[in-house]
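Only one structure is covered here, and it is reproduced in the block below.
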Amino acid sequence: MAQDESAPTRDESAGRVAVGLAGRSRNAGTGQRGTSDGLARYVLAATLARTADGGAVVAIVLLATTSGASGWLAGILGACITAPHLFGPLVARSLDTAKDGRTVIAWACVVHGATLAAAVLLFRVTPPLVPGLFLIASGLVGPLLTGGISSRLAAIAGPERNSQRRAQGWDVATYGIGGTIGPSLVAAVSAWANPAAAALIIAGSTFAAAAVIRLLPCTPPATVAPEVPRPGRTLLMMISYGPLRRTLYMTVVVALTVAALPITAVASTPEMGVAPAAAGILTAAYGLGGLLGSAGVMIRPLRTDADPLMTWLAAAVGVALCGAAVAGTFPTAVAAFACAGVLNSYFFASTLAARSEYAPPAARGQVFVWIGALKITAGSAGTALAGALIAPVTQVPLYLASGLLVLAVVMSVVDRHND
């Protein structure tokens, strides 16, 4: 009897997958124009946008602190631009309903840059509430600069899975480059001029990104606007459909756990007998490992189905975190951090593949933004938790992170078996 009751669910799931595959085939046909020129424009646009997204918070916090504002105000203003990412899915539906999704993303870049610039210019002449509101507006469109842009990649990369996976390696690299160049650019310009100038340059990069996005290949919508699900229904679909459900919670758990690495890097330097500034070497090793990982995906694209691949790569990340926790010497810690960066990039590429291959065409943009927004939120929560748990034993956050990843991997295996 139980089998009879569960059969329709499997049939419905199979139907959803079949529809998704048919839609992807149609989209792949339109994506044959996704030549190397199209991919090059994509990489440039994504790097410009993600440089702005990665550097904006640093610029705002520096602007506030160098202006004599209190630490709590600087933190609140920084949160004003990061916290609204959680509401990104509420505006992401426009990606799937628009006749031309490039227009939505280009306008998001313009709004992000304009509101960031307005917040910077008004900071010294208005009460903090005014720039705070502009920063909230900037943060609301932030997910369209990350997950929203990624949702365009499938139509650019070409129909073959190898070309899709190789392009996803480039996409991972744009996140790493943007996350590195953005804060570095802000720091350099702030030292040379001031944080306000740095923030305005960051804002200007989003206008450049908007122009390049308009040069990407145009992809027709997968369906008519009334058939595009609402954000809540999209989330329920993701939770009810096994591969997307696992993509969602595995992405969140890995983001939550790897966020402990920078905090642990700072706290563990005295135990390893090195100067506190050496924590920068550890975080740089993690970042360099991430870039090497993305290069590895470009050179040799992932070949396994994305769903099981995510599970085993998450397990590998957990092993790397455990290695960072038990590293007793500085060189060993550098190697462990670099290994974690490599493996996390491979895991990230697998989640991009899963979003692209399992998302229904009518909600592809929303799926990308939902997972991206929850990933950013999880990363922020992971940083806060690691900071709270770092004393008295500095390695506690990494041990807990490894244990949490083990639980997530086991849950994923059982979940897939029960599908």
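For the structure tokens, the naming scheme is as follows: chains receive sequential letters (A, B, ...) according to their order of presentation, residues are indexed from 1 within each chain, and ligands are indexed from 1 in presentation order.
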### Task
Looking only at alpha helix (DSSP H) from DSSP on the backbone, list the matching residues of stretch 204-400 of chain A as a ChimeraX atom specification.
/A:204-213,231-240,242-258,260-268,279-299,306-326,330-358,364-389,396-400
### Query
Residues at most 6 Å from A:His85, counting only C-alpha atoms, excluding those fewer than 4 positions away in the same chain, as a count of residues only?
4
### Message
I'd like the contact shell of A:Ala306 - 10 Å cut-off, only C-alpha atoms, skipping same-chain residues fewer than 5 positions apart - returned as a PyMOL selection string.
### Response
chain A and resi 243+247+311+347+349-358
Please dump the current selection as a PDB file, in the first residue's frame; keep N, CA and C atoms.
ATOM      1  N   PRO A 243      17.123  16.577  -5.789  1.00  0.00           N
ATOM      2  CA  PRO A 243      18.404  17.165  -6.175  1.00  0.00           C
ATOM      3  C   PRO A 243      18.541  18.640  -5.792  1.00  0.00           C
ATOM      4  N   THR A 247      21.016  20.351  -3.047  1.00  0.00           N
ATOM      5  CA  THR A 247      21.839  21.495  -3.451  1.00  0.00           C
ATOM      6  C   THR A 247      21.690  22.635  -2.467  1.00  0.00           C
ATOM      7  N   THR A 311      27.919  15.809  -2.693  1.00  0.00           N
ATOM      8  CA  THR A 311      28.054  15.121  -1.407  1.00  0.00           C
ATOM      9  C   THR A 311      29.511  14.791  -1.114  1.00  0.00           C
ATOM     10  N   PHE A 347      33.653  22.222  -4.968  1.00  0.00           N
ATOM     11  CA  PHE A 347      32.294  22.056  -4.463  1.00  0.00           C
ATOM     12  C   PHE A 347      31.374  23.141  -5.025  1.00  0.00           C
ATOM     13  N   ALA A 349      31.660  24.764  -7.812  1.00  0.00           N
ATOM     14  CA  ALA A 349      31.375  24.467  -9.217  1.00  0.00           C
ATOM     15  C   ALA A 349      30.310  23.383  -9.345  1.00  0.00           C
ATOM     16  N   SER A 350      30.347  22.397  -8.461  1.00  0.00           N
ATOM     17  CA  SER A 350      29.333  21.336  -8.514  1.00  0.00           C
ATOM     18  C   SER A 350      27.954  21.872  -8.175  1.00  0.00           C
ATOM     19  N   THR A 351      27.868  22.853  -7.262  1.00  0.00           N
ATOM     20  CA  THR A 351      26.556  23.414  -6.937  1.00  0.00           C
ATOM     21  C   THR A 351      26.028  24.273  -8.087  1.00  0.00           C
ATOM     22  N   LEU A 352      26.924  24.969  -8.786  1.00  0.00           N
ATOM     23  CA  LEU A 352      26.488  25.718  -9.964  1.00  0.00           C
ATOM     24  C   LEU A 352      25.956  24.772 -11.031  1.00  0.00           C
ATOM     25  N   ALA A 353      26.639  23.638 -11.204  1.00  0.00           N
ATOM     26  CA  ALA A 353      26.163  22.634 -12.155  1.00  0.00           C
ATOM     27  C   ALA A 353      24.800  22.108 -11.741  1.00  0.00           C
ATOM     28  N   ALA A 354      24.620  21.858 -10.448  1.00  0.00           N
ATOM     29  CA  ALA A 354      23.336  21.336  -9.969  1.00  0.00           C
ATOM     30  C   ALA A 354      22.216  22.345 -10.189  1.00  0.00           C
ATOM     31  N   ARG A 355      22.468  23.603  -9.880  1.00  0.00           N
ATOM     32  CA  ARG A 355      21.443  24.626 -10.107  1.00  0.00           C
ATOM     33  C   ARG A 355      21.058  24.685 -11.575  1.00  0.00           C
ATOM     34  N   SER A 356      22.056  24.635 -12.440  1.00  0.00           N
ATOM     35  CA  SER A 356      21.790  24.755 -13.870  1.00  0.00           C
ATOM     36  C   SER A 356      21.069  23.537 -14.426  1.00  0.00           C
ATOM     37  N   GLU A 357      21.465  22.342 -13.968  1.00  0.00           N
ATOM     38  CA  GLU A 357      20.940  21.116 -14.562  1.00  0.00           C
ATOM     39  C   GLU A 357      19.631  20.641 -13.958  1.00  0.00           C
ATOM     40  N   TYR A 358      19.339  21.024 -12.709  1.00  0.00           N
ATOM     41  CA  TYR A 358      18.138  20.539 -12.048  1.00  0.00           C
ATOM     42  C   TYR A 358      17.036  21.586 -11.924  1.00  0.00           C
TER      43      TYR A 358
END
### Task
Do a neighbour search on A:Thr65 at 12 Å with only C-alpha atoms, toss out local chain neighbours closer than 4 positions, and write the hits as a ChimeraX atom specification.
/A:58-61,69-78,123,194-196
#### Entry: Distance criterion (only C-alpha atoms): nearest to A:Ala381 out of A:Ser36, A:Thr219, A:Ser163, A:Thr82
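Among the listed residues, A:Thr82 lies closest to A:Ala381.
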### Query
Contacts of A:Ala119 at 9 Å or less, counting only C-alpha atoms, minus same-chain residues fewer than 6 places along, as a PyMOL selection string?
chain A and resi 60+130-135
Just-selected residues, all heavy atoms written as a tab-separated table (two decimals), in the first residue's frame:
chain	number	residue	atom	x	y	z
A	60	ILE	N	32.35	50.78	2.85
A	60	ILE	CA	31.42	51.47	3.74
A	60	ILE	C	31.93	51.46	5.18
A	60	ILE	O	31.88	52.47	5.89
A	60	ILE	CB	30.02	50.81	3.65
A	60	ILE	CG1	29.38	51.12	2.29
A	60	ILE	CG2	29.12	51.29	4.78
A	60	ILE	CD1	29.17	52.60	2.02
A	130	VAL	N	19.70	58.07	6.42
A	130	VAL	CA	19.57	58.29	4.97
A	130	VAL	C	20.53	57.40	4.17
A	130	VAL	O	20.09	56.66	3.28
A	130	VAL	CB	19.78	59.79	4.63
A	130	VAL	CG1	19.74	60.00	3.12
A	130	VAL	CG2	18.72	60.64	5.31
A	131	PRO	N	21.85	57.44	4.44
A	131	PRO	CA	22.71	56.49	3.72
A	131	PRO	C	22.36	55.04	4.01
A	131	PRO	O	22.52	54.17	3.15
A	131	PRO	CB	24.12	56.85	4.20
A	131	PRO	CG	23.94	57.61	5.46
A	131	PRO	CD	22.64	58.31	5.31
A	132	GLY	N	21.85	54.76	5.22
A	132	GLY	CA	21.45	53.40	5.54
A	132	GLY	C	20.36	52.90	4.62
A	132	GLY	O	20.40	51.75	4.16
A	133	LEU	N	19.39	53.75	4.32
A	133	LEU	CA	18.30	53.37	3.42
A	133	LEU	C	18.81	53.13	2.01
A	133	LEU	O	18.37	52.20	1.32
A	133	LEU	CB	17.22	54.45	3.42
A	133	LEU	CG	16.42	54.59	4.73
A	133	LEU	CD1	15.47	55.79	4.65
A	133	LEU	CD2	15.63	53.31	5.01
A	134	PHE	N	19.75	53.96	1.56
A	134	PHE	CA	20.32	53.75	0.23
A	134	PHE	C	21.11	52.44	0.18
A	134	PHE	O	21.08	51.72	-0.82
A	134	PHE	CB	21.23	54.92	-0.15
A	134	PHE	CG	20.49	56.10	-0.72
A	134	PHE	CD1	20.33	57.26	0.02
A	134	PHE	CD2	19.96	56.06	-2.00
A	134	PHE	CE1	19.66	58.35	-0.50
A	134	PHE	CE2	19.27	57.14	-2.53
A	134	PHE	CZ	19.11	58.29	-1.77
A	135	LEU	N	21.80	52.12	1.26
A	135	LEU	CA	22.56	50.88	1.30
A	135	LEU	C	21.64	49.66	1.31
A	135	LEU	O	21.96	48.62	0.72
A	135	LEU	CB	23.47	50.85	2.52
A	135	LEU	CG	24.63	51.86	2.50
A	135	LEU	CD1	25.38	51.83	3.83
A	135	LEU	CD2	25.58	51.56	1.35
How close does stretch 163-232 of chain A get to stretch 290-304 of chain A? List, as JSON lines, each residue of stretch 163-232 of chain A within 6 Å, its nearest atom pair and the distance in Å to one decimal, counting only C-alpha atoms.
{"residue": "A:Arg165", "atom": "CA", "partner": "A:Pro301", "partner_atom": "CA", "distance": 5.3}
{"residue": "A:Arg166", "atom": "CA", "partner": "A:Met298", "partner_atom": "CA", "distance": 4.4}
{"residue": "A:Gly169", "atom": "CA", "partner": "A:Ser294", "partner_atom": "CA", "distance": 4.8}
{"residue": "A:Val172", "atom": "CA", "partner": "A:Ser294", "partner_atom": "CA", "distance": 5.7}
{"residue": "A:Ala173", "atom": "CA", "partner": "A:Ser294", "partner_atom": "CA", "distance": 5.4}
